[in-house]
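To start, the structure itself, in structure tokens.
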Amino acid sequence: MKLVWGSAPLNLPIPDAFAGSVQLADGLLYPVWRLVIIAAGLATAGLLYGFIAHTRTGMLIRAGASHAAIVSALGVNIRRLFTSCSGSAPCWQALPGS
């Protein structure tokens with residue numbers, strides 16, 4: 001990766017809407033942009049929790065992680081299920097900007 005992009009970090013300008021600061025306590029200013037990043041991470045975690053805990057696919061992922069042979073015997077293609085989980089992981093990681 002260093003050969004292609006180098007080792008210097010890429011700095012992007014902060015959007016004007018998030019350029020200010022919020023006073024959290026007396027004399028403590030915190031950048032709005034960091035609060036937006038924290039909120040995006042928490043929203044992503046909430047979406048993932050909701051998906052895993054409250055959908056049929058989430059149930060199959062949980063069951064497959066614990067008892068893959070049994071889930072496979074029930075007719076679920078466990079290899080395809082885990083491949084789709086691995087394939088979607090970068091999308092979930094990129095969503096909050098991590």
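How things are named: the first chain in the structure tokens is A, the next is B, and so on; residues count from 1 in each chain; ligands count from 1 in the order shown.
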
Per residue of segment 30-50 of chain A within 10 Å of segment 90-94 of chain A, record the nearest atom pair and its distance in Å to one decimal, counting only C-alpha atoms, with rows in chain order and ascending residue number, as a Markdown table.
```
| residue | atom | partner | partner_atom | distance |
| --- | --- | --- | --- | --- |
| A:Gly41 | CA | A:Gln93 | CA | 9.1 |
| A:Thr44 | CA | A:Trp92 | CA | 7.3 |
| A:Ala45 | CA | A:Trp92 | CA | 9.1 |
| A:Leu47 | CA | A:Trp92 | CA | 9.6 |
| A:Leu48 | CA | A:Trp92 | CA | 8.4 |
```

Those same residues - C-alpha atoms - I'd like them written as a CSV table (one decimal), in the first residue's frame.
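Everything below was put into out.csv:
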```csv
chain,number,residue,atom,x,y,z
A,41,GLY,CA,-20.0,5.2,14.4
A,44,THR,CA,-23.5,2.1,12.4
A,45,ALA,CA,-23.2,0.0,15.5
A,47,LEU,CA,-27.8,-0.7,12.6
A,48,LEU,CA,-25.5,-3.7,12.8
```

For Gly58 of chain A, the nearest of the candidates A:Ala43, A:Leu95, A:Ala19, A:Cys85, counting only C-alpha atoms: A:Cys85

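Of the residues in segment 7-36 of chain A, those given helix (DSSP H, G or I) by DSSP on the backbone are Asp16, Ala17, Phe18, Val32, Trp33, Arg34, Leu35 and Val36 of chain A.
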
Two-atom distance - atom CA of Leu74 of chain A, atom CA of Ala53 of chain A (Å):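 Separation between atom CA of Leu74 of chain A and atom CA of Ala53 of chain A: 20.1 Å.
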
Shell of 10 Å around segment 32-40 of chain A, only C-alpha atoms, local chain residues under 3 positions omitted, as a list in words: Ile14, Pro15, Asp16, Ala17, Phe18, Ala19, Gly20, Ser21, Val22, Gln23, Leu29, Ala43, Thr44, Ala45, Gly46, Leu95, Pro96, Gly97 and Ser98 of chain A

Those in chain A with strand (DSSP E) from DSSP, as a list in words: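 Across chain A, those assigned strand (DSSP E) are Ser21, Val22, Gln23, Leu24, Ala25, Leu28, Leu29, Tyr30 and Pro31 of chain A.
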
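Atom CA of Ser88 of chain A is positioned 13.0 Å from atom CA of Ile61 of chain A.
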
Using only C-alpha atoms: which of A:Thr57, A:Val4, A:Ser84, A:Leu42 has the shortest distance to Val71 of chain A: A:Thr57

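The spacing separating atom CA of Leu81 of chain A from atom CA of Gly64 of chain A amounts to 8.6 Å.
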